[in-house]
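Text of target-v3.txt, listed as compact mmCIF, N, CA and C atoms:
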# COMPACT_ATOMS: atom_id res chain seq x y z
N ASP A 172 10.31 -6.86 13.04
CA ASP A 172 10.18 -5.89 14.12
C ASP A 172 9.04 -4.93 13.77
N ARG A 173 8.15 -4.73 14.67
CA ARG A 173 6.98 -3.90 14.40
C ARG A 173 7.30 -2.41 14.35
N HIS A 174 8.54 -2.04 14.70
CA HIS A 174 8.95 -0.65 14.66
C HIS A 174 9.89 -0.36 13.49
N GLN A 175 9.88 -1.24 12.50
CA GLN A 175 10.63 -1.00 11.27
C GLN A 175 9.66 -1.00 10.11
N PHE A 176 9.93 -0.14 9.15
CA PHE A 176 9.06 0.01 8.00
C PHE A 176 9.90 -0.11 6.75
N ASP A 177 9.29 -0.54 5.69
CA ASP A 177 9.97 -0.66 4.42
C ASP A 177 10.54 0.70 4.00
N ALA A 178 11.75 0.70 3.49
CA ALA A 178 12.41 1.94 3.10
C ALA A 178 11.59 2.72 2.08
N SER A 179 10.92 2.02 1.20
CA SER A 179 10.17 2.71 0.15
C SER A 179 9.03 3.56 0.72
N THR A 180 8.57 3.25 1.92
CA THR A 180 7.53 4.05 2.56
C THR A 180 8.03 5.47 2.79
N VAL A 181 9.25 5.61 3.25
CA VAL A 181 9.83 6.93 3.49
C VAL A 181 9.90 7.70 2.18
N SER A 182 10.43 7.08 1.17
CA SER A 182 10.58 7.75 -0.13
C SER A 182 9.23 8.17 -0.69
N TRP A 183 8.29 7.28 -0.70
CA TRP A 183 6.98 7.55 -1.26
C TRP A 183 6.30 8.72 -0.54
N CYS A 184 6.35 8.70 0.78
CA CYS A 184 5.68 9.75 1.56
C CYS A 184 6.37 11.10 1.43
N VAL A 185 7.68 11.12 1.65
CA VAL A 185 8.42 12.39 1.66
C VAL A 185 8.42 13.04 0.27
N LEU A 186 8.73 12.27 -0.74
CA LEU A 186 8.84 12.85 -2.07
C LEU A 186 7.46 13.13 -2.68
N GLY A 187 6.48 12.32 -2.33
CA GLY A 187 5.14 12.55 -2.84
C GLY A 187 4.54 13.85 -2.34
N ILE A 188 4.68 14.11 -1.06
CA ILE A 188 4.11 15.35 -0.51
C ILE A 188 4.90 16.56 -0.98
N ALA A 189 6.21 16.40 -1.17
CA ALA A 189 7.01 17.50 -1.72
C ALA A 189 6.56 17.82 -3.13
N ARG A 190 6.26 16.80 -3.89
CA ARG A 190 5.78 16.97 -5.27
C ARG A 190 4.43 17.68 -5.27
N MET A 191 3.58 17.34 -4.34
CA MET A 191 2.28 17.98 -4.23
C MET A 191 2.43 19.48 -3.98
N LEU A 192 3.39 19.85 -3.13
CA LEU A 192 3.61 21.26 -2.83
C LEU A 192 4.06 22.02 -4.08
N ILE A 193 4.98 21.46 -4.82
CA ILE A 193 5.45 22.11 -6.05
C ILE A 193 4.28 22.30 -7.01
N THR A 194 3.47 21.28 -7.16
CA THR A 194 2.32 21.37 -8.06
C THR A 194 1.34 22.44 -7.59
N ALA A 195 1.08 22.48 -6.28
CA ALA A 195 0.16 23.49 -5.75
C ALA A 195 0.69 24.90 -5.98
N ARG A 196 1.99 25.07 -5.83
CA ARG A 196 2.58 26.41 -5.97
C ARG A 196 2.76 26.85 -7.42
N THR A 197 3.08 25.92 -8.30
CA THR A 197 3.45 26.31 -9.66
C THR A 197 2.52 25.78 -10.74
N GLY A 198 1.76 24.75 -10.43
CA GLY A 198 0.93 24.10 -11.44
C GLY A 198 1.70 23.07 -12.25
N ASP A 199 2.99 22.99 -12.01
CA ASP A 199 3.84 22.03 -12.73
C ASP A 199 3.88 20.70 -12.00
N VAL A 200 3.94 19.63 -12.75
CA VAL A 200 4.14 18.31 -12.18
C VAL A 200 5.59 17.95 -12.47
N VAL A 201 6.37 17.84 -11.40
CA VAL A 201 7.80 17.54 -11.53
C VAL A 201 8.07 16.13 -11.02
N SER A 202 9.25 15.63 -11.28
CA SER A 202 9.60 14.31 -10.77
C SER A 202 9.70 14.36 -9.25
N LYS A 203 9.56 13.21 -8.64
CA LYS A 203 9.69 13.14 -7.19
C LYS A 203 11.10 13.55 -6.76
N THR A 204 12.09 13.16 -7.52
CA THR A 204 13.46 13.53 -7.18
C THR A 204 13.64 15.04 -7.25
N ASP A 205 13.14 15.67 -8.29
CA ASP A 205 13.23 17.12 -8.41
C ASP A 205 12.48 17.79 -7.26
N ALA A 206 11.32 17.28 -6.92
CA ALA A 206 10.56 17.84 -5.80
C ALA A 206 11.36 17.73 -4.50
N GLY A 207 12.03 16.60 -4.32
CA GLY A 207 12.85 16.43 -3.13
C GLY A 207 14.00 17.42 -3.08
N ARG A 208 14.64 17.64 -4.20
CA ARG A 208 15.75 18.61 -4.26
C ARG A 208 15.25 20.01 -3.91
N ARG A 209 14.09 20.36 -4.40
CA ARG A 209 13.52 21.67 -4.07
C ARG A 209 13.12 21.76 -2.60
N ALA A 210 12.64 20.65 -2.07
CA ALA A 210 12.22 20.63 -0.66
C ALA A 210 13.39 20.88 0.28
N VAL A 211 14.56 20.43 -0.09
CA VAL A 211 15.75 20.67 0.75
C VAL A 211 15.97 22.16 0.93
N ASP A 212 15.74 22.93 -0.12
CA ASP A 212 15.90 24.38 -0.03
C ASP A 212 14.83 25.01 0.86
N GLN A 213 13.64 24.50 0.80
CA GLN A 213 12.52 25.08 1.56
C GLN A 213 12.45 24.59 3.00
N PHE A 214 12.97 23.39 3.25
CA PHE A 214 12.90 22.79 4.58
C PHE A 214 14.29 22.28 4.96
N PRO A 215 15.23 23.18 5.17
CA PRO A 215 16.63 22.76 5.40
C PRO A 215 16.82 21.89 6.63
N THR A 216 15.97 22.00 7.61
CA THR A 216 16.12 21.16 8.81
C THR A 216 15.81 19.69 8.51
N ASP A 217 15.15 19.45 7.37
CA ASP A 217 14.81 18.08 6.97
C ASP A 217 15.71 17.57 5.86
N ARG A 218 16.85 18.19 5.68
CA ARG A 218 17.78 17.83 4.62
C ARG A 218 18.13 16.34 4.64
N ALA A 219 18.43 15.80 5.81
CA ALA A 219 18.84 14.39 5.91
C ALA A 219 17.69 13.45 5.54
N LEU A 220 16.49 13.77 5.98
CA LEU A 220 15.33 12.94 5.67
C LEU A 220 15.05 12.94 4.17
N VAL A 221 15.08 14.12 3.57
CA VAL A 221 14.81 14.22 2.13
C VAL A 221 15.91 13.54 1.33
N ALA A 222 17.16 13.72 1.75
CA ALA A 222 18.28 13.06 1.06
C ALA A 222 18.13 11.55 1.13
N ARG A 223 17.72 11.05 2.27
CA ARG A 223 17.51 9.61 2.40
C ARG A 223 16.38 9.14 1.46
N ALA A 224 15.32 9.92 1.40
CA ALA A 224 14.20 9.56 0.52
C ALA A 224 14.67 9.49 -0.94
N ILE A 225 15.49 10.44 -1.35
CA ILE A 225 16.01 10.43 -2.72
C ILE A 225 16.92 9.22 -2.92
N ASP A 226 17.77 8.93 -1.95
CA ASP A 226 18.65 7.76 -2.06
C ASP A 226 17.84 6.47 -2.18
N ILE A 227 16.78 6.36 -1.42
CA ILE A 227 15.91 5.18 -1.49
C ILE A 227 15.29 5.08 -2.88
N ARG A 228 14.81 6.20 -3.37
CA ARG A 228 14.15 6.21 -4.69
C ARG A 228 15.09 5.72 -5.78
N HIS A 229 16.38 6.02 -5.63
CA HIS A 229 17.35 5.65 -6.65
C HIS A 229 18.11 4.37 -6.31
N GLY A 230 17.63 3.63 -5.33
CA GLY A 230 18.21 2.33 -5.00
C GLY A 230 19.53 2.39 -4.26
N ARG A 231 19.89 3.55 -3.75
CA ARG A 231 21.16 3.68 -3.03
C ARG A 231 21.02 3.35 -1.55
N SER A 232 19.80 3.14 -1.10
CA SER A 232 19.55 2.76 0.29
C SER A 232 18.33 1.86 0.32
N THR A 233 18.45 0.77 1.04
CA THR A 233 17.30 -0.13 1.20
C THR A 233 17.08 -0.48 2.67
N ASP A 234 17.84 0.19 3.55
CA ASP A 234 17.70 -0.08 4.98
C ASP A 234 16.30 0.24 5.45
N PRO A 235 15.72 -0.65 6.25
CA PRO A 235 14.38 -0.35 6.77
C PRO A 235 14.39 0.94 7.60
N ALA A 236 13.27 1.59 7.63
CA ALA A 236 13.13 2.81 8.42
C ALA A 236 12.70 2.45 9.84
N ASP A 237 13.41 2.99 10.81
CA ASP A 237 13.05 2.74 12.21
C ASP A 237 11.96 3.73 12.65
N ARG A 238 11.50 3.56 13.86
CA ARG A 238 10.40 4.39 14.37
C ARG A 238 10.75 5.88 14.37
N PRO A 239 11.95 6.29 14.81
CA PRO A 239 12.26 7.73 14.77
C PRO A 239 12.23 8.30 13.34
N THR A 240 12.67 7.53 12.37
CA THR A 240 12.62 7.99 10.98
C THR A 240 11.18 8.14 10.52
N MET A 241 10.34 7.20 10.89
CA MET A 241 8.93 7.31 10.52
C MET A 241 8.26 8.48 11.24
N ASP A 242 8.65 8.73 12.48
CA ASP A 242 8.12 9.90 13.19
C ASP A 242 8.52 11.18 12.46
N ASP A 243 9.78 11.24 12.00
CA ASP A 243 10.23 12.40 11.22
C ASP A 243 9.45 12.52 9.92
N THR A 244 9.17 11.38 9.31
CA THR A 244 8.41 11.37 8.05
C THR A 244 7.01 11.92 8.26
N VAL A 245 6.36 11.49 9.30
CA VAL A 245 5.00 11.98 9.60
C VAL A 245 5.03 13.48 9.90
N ARG A 246 5.99 13.92 10.65
CA ARG A 246 6.12 15.35 10.96
C ARG A 246 6.32 16.15 9.68
N PHE A 247 7.18 15.64 8.78
CA PHE A 247 7.43 16.31 7.50
C PHE A 247 6.16 16.39 6.67
N ILE A 248 5.43 15.28 6.60
CA ILE A 248 4.17 15.27 5.85
C ILE A 248 3.23 16.35 6.38
N ARG A 249 3.09 16.44 7.68
CA ARG A 249 2.19 17.43 8.28
C ARG A 249 2.65 18.85 7.96
N GLN A 250 3.94 19.08 8.07
CA GLN A 250 4.50 20.40 7.81
C GLN A 250 4.26 20.81 6.35
N VAL A 251 4.55 19.92 5.44
CA VAL A 251 4.39 20.24 4.02
C VAL A 251 2.92 20.32 3.65
N ALA A 252 2.09 19.46 4.23
CA ALA A 252 0.65 19.52 3.97
C ALA A 252 0.08 20.87 4.41
N ASP A 253 0.57 21.41 5.52
CA ASP A 253 0.15 22.74 5.95
C ASP A 253 0.52 23.79 4.91
N GLU A 254 1.70 23.65 4.33
CA GLU A 254 2.12 24.58 3.26
C GLU A 254 1.24 24.44 2.02
N VAL A 255 0.89 23.20 1.68
CA VAL A 255 0.00 22.97 0.53
C VAL A 255 -1.35 23.64 0.80
N GLU A 256 -1.89 23.43 1.98
CA GLU A 256 -3.18 24.03 2.31
C GLU A 256 -3.11 25.55 2.26
N ALA A 257 -2.06 26.13 2.84
CA ALA A 257 -1.91 27.59 2.83
C ALA A 257 -1.82 28.11 1.40
N THR A 258 -1.14 27.38 0.54
CA THR A 258 -1.00 27.78 -0.86
C THR A 258 -2.35 27.72 -1.58
N LEU A 259 -3.10 26.68 -1.35
CA LEU A 259 -4.37 26.50 -2.05
C LEU A 259 -5.45 27.44 -1.52
N CYS A 260 -5.32 27.85 -0.27
CA CYS A 260 -6.34 28.71 0.35
C CYS A 260 -5.99 30.20 0.23
N ALA A 261 -4.84 30.49 -0.34
CA ALA A 261 -4.40 31.89 -0.43
C ALA A 261 -5.16 32.64 -1.52
Take the structure in this file and express it as structure tokens.
Amino acid sequence: DRHQFDASTVSWCVLGIARMLITARTGDVVSKTDAGRRAVDQFPTDRALVARAIDIRHGRSTDPADRPTMDDTVRFIRQVADEVEATLCA
């Protein structure tokens, strides 16, 4: 199905951009899982998406991502990327 994506895509995108934000803010490089846990606190409306990304990373979920999930992933990337830019330009 052209509207399904590999589960690992969600994990890689969501946790990678969360990790980038932590690094931009603190200078520390943390694990993707730790970055995801911190992102839940900063972006509570995306709790389910981040939790799914962590579950995928740890092999607890392998279900393909449907189009709405990928749309949420793209929105999250944009939102966090804006935070990264604001942090770096401050």
Excluding Val251 of chain A and any residue of its chain fewer than 5 positions from it, enumerate the residues within 8 Å of it, using all atoms listed in the file, and give them as JSON, numbers by chain.
{"A": [188, 189, 191, 192, 245, 246, 256, 257]}
| said: Taking the DSSP secondary structure from the backbone, can you list the residues of segment 182-247 of chain A that are helix (DSSP H, G or I), as an MDAnalysis selection string? | reply: chainID A and resid 182:197 203:213 215:228 238:247
Expected file: the selected residues, N, CA and C atoms, as a compact mmCIF listing (two decimals), keeping the file's coordinate frame:
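In the end it all went to selection28.txt:
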# COMPACT_ATOMS: atom_id res chain seq x y z
N SER A 182 10.43 7.08 1.17
CA SER A 182 10.58 7.75 -0.13
C SER A 182 9.23 8.17 -0.69
N TRP A 183 8.29 7.28 -0.70
CA TRP A 183 6.98 7.55 -1.26
C TRP A 183 6.30 8.72 -0.54
N CYS A 184 6.35 8.70 0.78
CA CYS A 184 5.68 9.75 1.56
C CYS A 184 6.37 11.10 1.43
N VAL A 185 7.68 11.12 1.65
CA VAL A 185 8.42 12.39 1.66
C VAL A 185 8.42 13.04 0.27
N LEU A 186 8.73 12.27 -0.74
CA LEU A 186 8.84 12.85 -2.07
C LEU A 186 7.46 13.13 -2.68
N GLY A 187 6.48 12.32 -2.33
CA GLY A 187 5.14 12.55 -2.84
C GLY A 187 4.54 13.85 -2.34
N ILE A 188 4.68 14.11 -1.06
CA ILE A 188 4.11 15.35 -0.51
C ILE A 188 4.90 16.56 -0.98
N ALA A 189 6.21 16.40 -1.17
CA ALA A 189 7.01 17.50 -1.72
C ALA A 189 6.56 17.82 -3.13
N ARG A 190 6.26 16.80 -3.89
CA ARG A 190 5.78 16.97 -5.27
C ARG A 190 4.43 17.68 -5.27
N MET A 191 3.58 17.34 -4.34
CA MET A 191 2.28 17.98 -4.23
C MET A 191 2.43 19.48 -3.98
N LEU A 192 3.39 19.85 -3.13
CA LEU A 192 3.61 21.26 -2.83
C LEU A 192 4.06 22.02 -4.08
N ILE A 193 4.98 21.46 -4.82
CA ILE A 193 5.45 22.11 -6.05
C ILE A 193 4.28 22.30 -7.01
N THR A 194 3.47 21.28 -7.16
CA THR A 194 2.32 21.37 -8.06
C THR A 194 1.34 22.44 -7.59
N ALA A 195 1.08 22.48 -6.28
CA ALA A 195 0.16 23.49 -5.75
C ALA A 195 0.69 24.90 -5.98
N ARG A 196 1.99 25.07 -5.83
CA ARG A 196 2.58 26.41 -5.97
C ARG A 196 2.76 26.85 -7.42
N THR A 197 3.08 25.92 -8.30
CA THR A 197 3.45 26.31 -9.66
C THR A 197 2.52 25.78 -10.74
N LYS A 203 9.56 13.21 -8.64
CA LYS A 203 9.69 13.14 -7.19
C LYS A 203 11.10 13.55 -6.76
N THR A 204 12.09 13.16 -7.52
CA THR A 204 13.46 13.53 -7.18
C THR A 204 13.64 15.04 -7.25
N ASP A 205 13.14 15.67 -8.29
CA ASP A 205 13.23 17.12 -8.41
C ASP A 205 12.48 17.79 -7.26
N ALA A 206 11.32 17.28 -6.92
CA ALA A 206 10.56 17.84 -5.80
C ALA A 206 11.36 17.73 -4.50
N GLY A 207 12.03 16.60 -4.32
CA GLY A 207 12.85 16.43 -3.13
C GLY A 207 14.00 17.42 -3.08
N ARG A 208 14.64 17.64 -4.20
CA ARG A 208 15.75 18.61 -4.26
C ARG A 208 15.25 20.01 -3.91
N ARG A 209 14.09 20.36 -4.40
CA ARG A 209 13.52 21.67 -4.07
C ARG A 209 13.12 21.76 -2.60
N ALA A 210 12.64 20.65 -2.07
CA ALA A 210 12.22 20.63 -0.66
C ALA A 210 13.39 20.88 0.28
N VAL A 211 14.56 20.43 -0.09
CA VAL A 211 15.75 20.67 0.75
C VAL A 211 15.97 22.16 0.93
N ASP A 212 15.74 22.93 -0.12
CA ASP A 212 15.90 24.38 -0.03
C ASP A 212 14.83 25.01 0.86
N GLN A 213 13.64 24.50 0.80
CA GLN A 213 12.52 25.08 1.56
C GLN A 213 12.45 24.59 3.00
N PRO A 215 15.23 23.18 5.17
CA PRO A 215 16.63 22.76 5.40
C PRO A 215 16.82 21.89 6.63
N THR A 216 15.97 22.00 7.61
CA THR A 216 16.12 21.16 8.81
C THR A 216 15.81 19.69 8.51
N ASP A 217 15.15 19.45 7.37
CA ASP A 217 14.81 18.08 6.97
C ASP A 217 15.71 17.57 5.86
N ARG A 218 16.85 18.19 5.68
CA ARG A 218 17.78 17.83 4.62
C ARG A 218 18.13 16.34 4.64
N ALA A 219 18.43 15.80 5.81
CA ALA A 219 18.84 14.39 5.91
C ALA A 219 17.69 13.45 5.54
N LEU A 220 16.49 13.77 5.98
CA LEU A 220 15.33 12.94 5.67
C LEU A 220 15.05 12.94 4.17
N VAL A 221 15.08 14.12 3.57
CA VAL A 221 14.81 14.22 2.13
C VAL A 221 15.91 13.54 1.33
N ALA A 222 17.16 13.72 1.75
CA ALA A 222 18.28 13.06 1.06
C ALA A 222 18.13 11.55 1.13
N ARG A 223 17.72 11.05 2.27
CA ARG A 223 17.51 9.61 2.40
C ARG A 223 16.38 9.14 1.46
N ALA A 224 15.32 9.92 1.40
CA ALA A 224 14.20 9.56 0.52
C ALA A 224 14.67 9.49 -0.94
N ILE A 225 15.49 10.44 -1.35
CA ILE A 225 16.01 10.43 -2.72
C ILE A 225 16.92 9.22 -2.92
N ASP A 226 17.77 8.93 -1.95
CA ASP A 226 18.65 7.76 -2.06
C ASP A 226 17.84 6.47 -2.18
N ILE A 227 16.78 6.36 -1.42
CA ILE A 227 15.91 5.18 -1.49
C ILE A 227 15.29 5.08 -2.88
N ARG A 228 14.81 6.20 -3.37
CA ARG A 228 14.15 6.21 -4.69
C ARG A 228 15.09 5.72 -5.78
N ARG A 238 11.50 3.56 13.86
CA ARG A 238 10.40 4.39 14.37
C ARG A 238 10.75 5.88 14.37
N PRO A 239 11.95 6.29 14.81
CA PRO A 239 12.26 7.73 14.77
C PRO A 239 12.23 8.30 13.34
N THR A 240 12.67 7.53 12.37
CA THR A 240 12.62 7.99 10.98
C THR A 240 11.18 8.14 10.52
N MET A 241 10.34 7.20 10.89
CA MET A 241 8.93 7.31 10.52
C MET A 241 8.26 8.48 11.24
N ASP A 242 8.65 8.73 12.48
CA ASP A 242 8.12 9.90 13.19
C ASP A 242 8.52 11.18 12.46
N ASP A 243 9.78 11.24 12.00
CA ASP A 243 10.23 12.40 11.22
C ASP A 243 9.45 12.52 9.92
N THR A 244 9.17 11.38 9.31
CA THR A 244 8.41 11.37 8.05
C THR A 244 7.01 11.92 8.26
N VAL A 245 6.36 11.49 9.30
CA VAL A 245 5.00 11.98 9.60
C VAL A 245 5.03 13.48 9.90
N ARG A 246 5.99 13.92 10.65
CA ARG A 246 6.12 15.35 10.96
C ARG A 246 6.32 16.15 9.68
N PHE A 247 7.18 15.64 8.78
CA PHE A 247 7.43 16.31 7.50
C PHE A 247 6.16 16.39 6.67
### Task
Please return, as a PyMOL selection string, all polymer residues that have at least one atom within 8 Å of the point (5.1, 16.6, -7.1); use only N, CA and C atoms and the file's own coordinate frame.
chain A and resi 186-195+199-207
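Relative to atom N of Asp242 of chain A, atom N of Gly198 of chain A is found at 28.8 Å.
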task = Please indicate the distance in Å from atom N of Asp226 of chain A to atom N of Thr197 of chain A, rounded to one decimal place.
result =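 Separating atom N of Asp226 of chain A from atom N of Thr197 of chain A is a distance of 23.3 Å.
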Between atom C of Ala236 of chain A and atom C of Val211 of chain A, what distance in Å does the model show, to one decimal?
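So the two atoms, atom C of Ala236 of chain A and atom C of Val211 of chain A, lie 21.9 Å apart.
In this comparison, which uses only N, CA and C atoms, the residue of A:Gln175, A:Ala224, A:Gln213, A:Asp253 approaching Arg238 of chain A most closely is A:Gln175.
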Check your understanding: Using all atoms listed in the file, which residue out of A:Ala210, A:Ala261, A:Ile225, A:Val181 lies closest to Thr240 of chain A?
Key ->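 Counting all atoms listed in the file, the residue closest to Thr240 of chain A is A:Val181.
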